[in-house]
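Structure record follows, encoded as structure tokens.
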Amino acid sequence: MPLSGHLITDYQEIPRCAMGLGGKVTDEVLAREIAAEQGDVTTMYDRLDVLRERARGELARVQQEETTETEQSYTERESFTDLFSGRFAQLSSVERGLCFGRIDTGDDERFHVGRIGLFDEDYDPLLIDWRTPVAQVFYWATPAAPLGVTRRRHIRLQGRSVVGVDDDVLDLDAIGDSERRTLIGEAALLSSLGASRTGRMNEIVATIQSEQDEIIRSGLPGVLVVQGGPGTGKTVVALHRAAYLLYTHREQLARSGVLVVGPNSTFLRYIDQVLPSLGETDVVLATISELYPGVVATAPESETAARVKGGEAMADVLAQAVRDFQLVPTAPIELKVDQQRLVLRPGAVRKARQRARDTDRPHNRARPIFVRGILTALTNQIVDRLGRQYLSEEDIKDIRKELAEDDRVRALLDRLWPELTPQILVSVLLSSPERLEAAAPQLADDERAAVLRPVDADWTQSDVALLDEAAELLGDTDGTVAARNRKDADDAATEAANREYARGVVQIELTADRMTLMPWEIEQFAELVHRRTQLIENPGTVAERAASDRTWVFGHVIVDEAQELSAMDWRMLMRRCPRRSMTLVGDIAQTGSAAGIASWADVLDKYAPRRWRSAQLTVNYRTPLEIMAVAADVLAAIDPTLSPPDSVRETGIQPWIDAVPPDAFLDVLVATIKFERQALGDGRLAVIVPTPRYDELAAVLFDVAHGHDPSVLDADTALLDVAQSKGLEFDAVLIADPAGIINESDRGLSDLYVALTRPTKRLTILSPGDLPEVLRRTPQR
Ligand SMILES: Nc1ncnc2c1ncn2[C@@H]1O[C@H](COP(=O)(O)OP(=O)(O)OP(=O)(O)O)[C@@H](O)[C@H]1O
């Protein structure tokens with residue numbers, strides 16, 4: 001089948017099996033090839049069964065083993081349990097689609113590619129893991145650059161049966177110029193793209209395209225920015241990159257973990273199956289709202305408040321707000337301590353404050369310096385009064401100690417330089433017009449008014465980065481420092497002992513030859529014994545501990561919809577990854593947040609100068625050509641210099657765009673939903689509406705699931721606003737009231753663009769009253 005560019009028409013008509021570009025094969029040849037593949041595939045599944053049974057048997061034996069319950073035997077048993085249950089879970093997760101490809105090279109060699117590596121009893125490879133360097137050619141070879149590959153075969157399985165093979169013949173002599181630019185494995189790709197959506201994203205190991213694979217396998221260090229229009233696979237590529245990096249750099253990443261940040265909890269639910277289905281679980285999935293442990297940030301806020309609080313200026317505002325808590329009295333303060341009348345003069349306080357500030361320590365950590373300065377000033381008064389010549393060093397120390405323990409002195413110190421928590425600082429600042437005015441003279445009156453709220457107001461998403469910034473400015477309190485020091489000392493001692501112990505256990509196991517450890521599992525086992533022992537002191541998986549520790553440093557951070565992050569969010573995120581090993585995926589044209597960024601360089605030249613690189617994804621695998629034509633008009637209105645990604649499919653189904661009188665809108669909407677449901681059959685339909693109309697429409701659309709719980713994705717028809725639909729996709733989308741979406745915010749056109757690019761098959765637009773100008777170019781039906 002000749003291909004032109006990336007567009008494929010009549011994709012349902014693609015021959016069941018194409019053996020070589022441009023050619024069809026007889027049923028007989030096909031049956032013979034399928035039978036041959038079946039033999040190999042059956043051998044792989046047999047081997048998988050053996051390994052799975054072995055892991056299950058080992059697991060059962062370890063669990064039933066009689067041991068004297070010493071801490072040592074407990075640790076050993078738990079480590080084996082982890083190892084074998086991890087191995088068992090991994091072997092089980094690859095059951096579906098175990099093998100999906102074959103590569104033949106010019107030297108008459110061939111190997112199969114699959115979701116996991118398998119070896120026979122003699123260590124001869126049966127199946128190569130998709131993440132290994134050897135498997136790379138499966139994704140990279142093209143007729144123009146065959147990389148030594150003569151044939152790439154896509155193998156389709158149903159259960160354990162081979163039901164189809166599709167070959168790309170990569171022999172340059174056999175094909176013409178027009179056929180050289182092709183999608184890789186287009187039949188397999190198109191059958192996966194044409195399938196109905198389930199509300200959960202699927203992995204794509206079998207059909208990764210070369211421009212995507214290059215990104216997935218890009219090196220670990222530095223920041224990689226992946227810019228791409230809607231549907232180009234940014235999310236799915238970012239997740240496969242996480243799996244690839246964890247496989248390739250497991251030593252480095254397993255201990256520190258990988259953080260994946262997504263735009264909202266519905267999105268996290270949408271993607272939460274991808275990594276487990278690739279056998280990876282050591283990953284923290286979080287939204288920005290969840291990045292400050294202990295704070296649940298779900299309260300809504302105005303666009304202006306989000307923009308102001310997300311602005312870089314807030315870093316200075318918070319720093320000033322902290323300084324405003326470090327007071328110098330305007331007049332001398334009198335104190336009565338033990339019948340003594342003491343006077344604290346502003347000059348002495350100012351001097352103590354300057355000393356403390358000069359240390360450049362965070363507020364709570366500089367407080368002891370301030371306290372020392374004040375206590376010295378007060379002690380000197382008493383000492384001078386009593387006569388220094390009559391006092392020993394010990395006497396002077398006692399005076400100082402008494403002063404330090406005196407309630408009135410302590411109250412005064414708390415007033416002049418209070419110990420603060422991030423929560424107190426941020427909530428007091430945002431609820432006090434006076435404090436705000438003092439700390440934020442650079443903000444306009446209406447901006448300050450927009451961020452004011454009651455002191456006990458619930459946290460919003462943009463508060464999270466403020467809390468994180470505040471935590472940096474304040475540092476730990478004395479109580480938390482003491483607790484941490486104690487814990488660090490304990491941890492260091494335990495860690496050293498445990499490493500020693502882990503080494504011993506592995507040695508004993510190897511000598512006793514009791515377990516069937518593969519050579520490459522010995523290190524893994526040692527690490528597990530070590531981690532297990534650590535867990536007795538410090539419970540929780542890496543993911544759990546990382547999620548509960550604000551200062552946790554991740555080995556790699558992946559951010560999806562990265563264009564939405566505010567300047568303050570970036571500051572927070574960069575603290576989580578000082579090594580700057582990051583993958584940021586996004587699309588500037590889809591920016592919906594008022595605080596979002598306008599260019600990648602704006603952010604990255606600052607945080608990772610000369611350490612960031614960018615890559616582009618250019619092909620839209622989601623939205624068919626007919627729908628992208630409508631989206632293209634909106635994109636041109638956002639920025640005439642931008643062009644949408646090329647759609648890979650054409651469905652022949654034109655979008656339905658209609659304007660109805662406002663008083664008929666609801667009735668027509670209900671009828672249209674019904675019509676779309678019938679047209680879709682099993683597929684998923686999203687009704688996307690302006691946020692201000694969400695509640696009103698939720699109340700009248702009885703058969704449509706609504707609410708902000710991610711479980712709306714389980715319904716066949718869901719009511720969403722644009723923010724909720726970000727990153728998701730549906731078989732059909734009905735946009736109700738497009739003008740409402742455009743007028744909702746300054747970035748309304750970008751929001752409409754996001755909504756228009758969610759469907760995989762059908763698009764309907766229903767407008768109460770006139771259609772917005774930007775949608776009038778498409779013929780109405
Ligand atoms: N190589 C591929 N093989 C099969 N399916 C693919 C491939 N690449 C992308 N897809 C599918 O295309 C759809 C769009 O991918 P994805 O959601 O990752 O795009 P995106 O760039 O993040 O989109 P958006 O910016 O609009 O949220 C998904 O259904 C994904 O599974």
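Residues are named by chain letter and number: chains run A, B, ... in the order of the structure tokens, numbers start at 1 in each chain, and ligands are numbered from 1 in the order shown.
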
Using DSSP secondary structure from the backbone, list all strand (DSSP E or B) positions within region 604-701 of chain A, as a PyMOL selection string. chain A and resi 612-617+619-620+646-647+649+656-660+685-688

Limited to C-alpha atoms, could you put the picked residues into a file as a CSV table (one decimal), in the first residue's frame?
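Saved as selection02.csv:
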```
chain,number,residue,atom,x,y,z
A,612,TRP,CA,18.5,21.6,28.2
A,613,ARG,CA,17.6,20.2,24.8
A,614,SER,CA,14.4,20.1,22.9
A,615,ALA,CA,12.6,17.6,20.6
A,616,GLN,CA,9.5,17.9,18.5
A,617,LEU,CA,6.7,15.4,17.9
A,619,VAL,CA,2.3,13.6,13.9
A,620,ASN,CA,-1.1,13.6,15.5
A,646,ASP,CA,-0.2,16.2,10.7
A,647,SER,CA,-3.1,13.8,11.3
A,649,ARG,CA,-5.9,9.2,9.9
A,656,TRP,CA,-21.3,18.4,13.1
A,657,ILE,CA,-21.4,22.1,13.9
A,658,ASP,CA,-24.7,23.8,14.7
A,659,ALA,CA,-26.1,27.0,16.2
A,660,VAL,CA,-29.5,27.0,17.8
A,685,LEU,CA,-18.5,10.4,24.8
A,686,ALA,CA,-17.4,13.6,26.6
A,687,VAL,CA,-19.7,16.6,26.8
A,688,ILE,CA,-17.3,19.6,27.3
```

So which residues touch Ile288 (chain A) within 10 Å, counting only C-alpha atoms, skipping near sequence neighbours fewer than 5 positions away, as a list in words?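 In the requested format, the answer is Val261, Gly262, Pro263, Asn264, Ser265, Ala297, Gln461, Ser462, Val464, Ala465, Val559, Leu565, Asp569, Met572 and Leu573 of chain A.
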
Go ahead and write the residues just picked, N, CA and C atoms, as a PDB file, in the first residue's frame.
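Wrote it out as out.pdb, contents follow:
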```
ATOM      1  N   VAL A 261       4.560  14.272  37.124  1.00  0.00           N
ATOM      2  CA  VAL A 261       3.588  15.293  37.515  1.00  0.00           C
ATOM      3  C   VAL A 261       2.583  15.483  36.380  1.00  0.00           C
ATOM      4  N   GLY A 262       1.297  15.371  36.707  1.00  0.00           N
ATOM      5  CA  GLY A 262       0.250  15.548  35.699  1.00  0.00           C
ATOM      6  C   GLY A 262      -0.687  16.682  36.093  1.00  0.00           C
ATOM      7  N   PRO A 263      -1.545  17.122  35.158  1.00  0.00           N
ATOM      8  CA  PRO A 263      -2.318  18.341  35.404  1.00  0.00           C
ATOM      9  C   PRO A 263      -3.470  18.214  36.405  1.00  0.00           C
ATOM     10  N   ASN A 264      -4.076  17.063  36.545  1.00  0.00           N
ATOM     11  CA  ASN A 264      -5.170  16.949  37.513  1.00  0.00           C
ATOM     12  C   ASN A 264      -5.387  15.471  37.841  1.00  0.00           C
ATOM     13  N   SER A 265      -6.223  15.203  38.856  1.00  0.00           N
ATOM     14  CA  SER A 265      -6.314  13.816  39.319  1.00  0.00           C
ATOM     15  C   SER A 265      -7.066  12.936  38.314  1.00  0.00           C
ATOM     16  N   ALA A 297      -4.871  20.519  48.571  1.00  0.00           N
ATOM     17  CA  ALA A 297      -5.172  21.806  47.934  1.00  0.00           C
ATOM     18  C   ALA A 297      -6.224  21.623  46.862  1.00  0.00           C
ATOM     19  N   GLN A 461      -4.577  25.348  44.628  1.00  0.00           N
ATOM     20  CA  GLN A 461      -3.396  24.802  43.940  1.00  0.00           C
ATOM     21  C   GLN A 461      -2.212  25.768  43.965  1.00  0.00           C
ATOM     22  N   SER A 462      -2.475  27.069  43.759  1.00  0.00           N
ATOM     23  CA  SER A 462      -1.330  27.987  43.692  1.00  0.00           C
ATOM     24  C   SER A 462      -0.725  28.252  45.069  1.00  0.00           C
ATOM     25  N   VAL A 464       0.249  25.899  46.963  1.00  0.00           N
ATOM     26  CA  VAL A 464       1.209  24.827  47.229  1.00  0.00           C
ATOM     27  C   VAL A 464       2.651  25.309  47.000  1.00  0.00           C
ATOM     28  N   ALA A 465       2.856  26.000  45.878  1.00  0.00           N
ATOM     29  CA  ALA A 465       4.218  26.491  45.606  1.00  0.00           C
ATOM     30  C   ALA A 465       4.597  27.593  46.603  1.00  0.00           C
ATOM     31  N   VAL A 559       7.308  15.923  33.701  1.00  0.00           N
ATOM     32  CA  VAL A 559       6.148  16.801  33.862  1.00  0.00           C
ATOM     33  C   VAL A 559       5.323  16.768  32.583  1.00  0.00           C
ATOM     34  N   LEU A 565       2.507  25.129  34.130  1.00  0.00           N
ATOM     35  CA  LEU A 565       3.125  25.447  35.411  1.00  0.00           C
ATOM     36  C   LEU A 565       3.452  26.937  35.527  1.00  0.00           C
ATOM     37  N   ASP A 569       5.560  27.453  40.539  1.00  0.00           N
ATOM     38  CA  ASP A 569       5.575  25.981  40.441  1.00  0.00           C
ATOM     39  C   ASP A 569       6.948  25.493  39.986  1.00  0.00           C
ATOM     40  N   MET A 572       9.421  25.398  42.723  1.00  0.00           N
ATOM     41  CA  MET A 572       9.201  24.255  43.613  1.00  0.00           C
ATOM     42  C   MET A 572       9.741  22.961  42.975  1.00  0.00           C
ATOM     43  N   LEU A 573       9.393  22.783  41.714  1.00  0.00           N
ATOM     44  CA  LEU A 573       9.759  21.542  41.042  1.00  0.00           C
ATOM     45  C   LEU A 573      11.274  21.397  40.895  1.00  0.00           C
TER      46      LEU A 573
END
```

With distances taken over only C-alpha atoms and all ligand atoms, the candidate from A:Arg448, A:Arg486, A:Lys234, A:Arg571 nearest ligand 1 is A:Lys234

Taking only C-alpha atoms and all ligand atoms and a cut-off of 8 Å, can you tell me which residues surround ligand 1, written as an MDAnalysis selection string? chainID A and resid 189:190 192:193 197 201:209 212 228:238 560:561 585:587 590 617 620:622 726:729 754 757:758

All residues 9 Å or closer to Asp104 (chain A), only C-alpha atoms, same chain fewer than 2 positions away omitted, as a list of chain:residue names: A:Arg102, A:Gly106, A:Asp107, A:Asp108, A:Glu109, A:Arg110, A:Phe111, A:His112, A:Gly148, A:Val149, A:Thr150, A:Arg151, A:Arg152, A:Arg153

Gly164 (chain A) proximity check over A:Phe80, A:Asp27, A:Tyr45, A:Leu285, using only C-alpha atoms: winner is A:Asp27

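The closest residue to Val223 (chain A), picked from A:Gly117, A:Gly373, A:Pro609, A:Gly347 and counting only C-alpha atoms, is A:Pro609.
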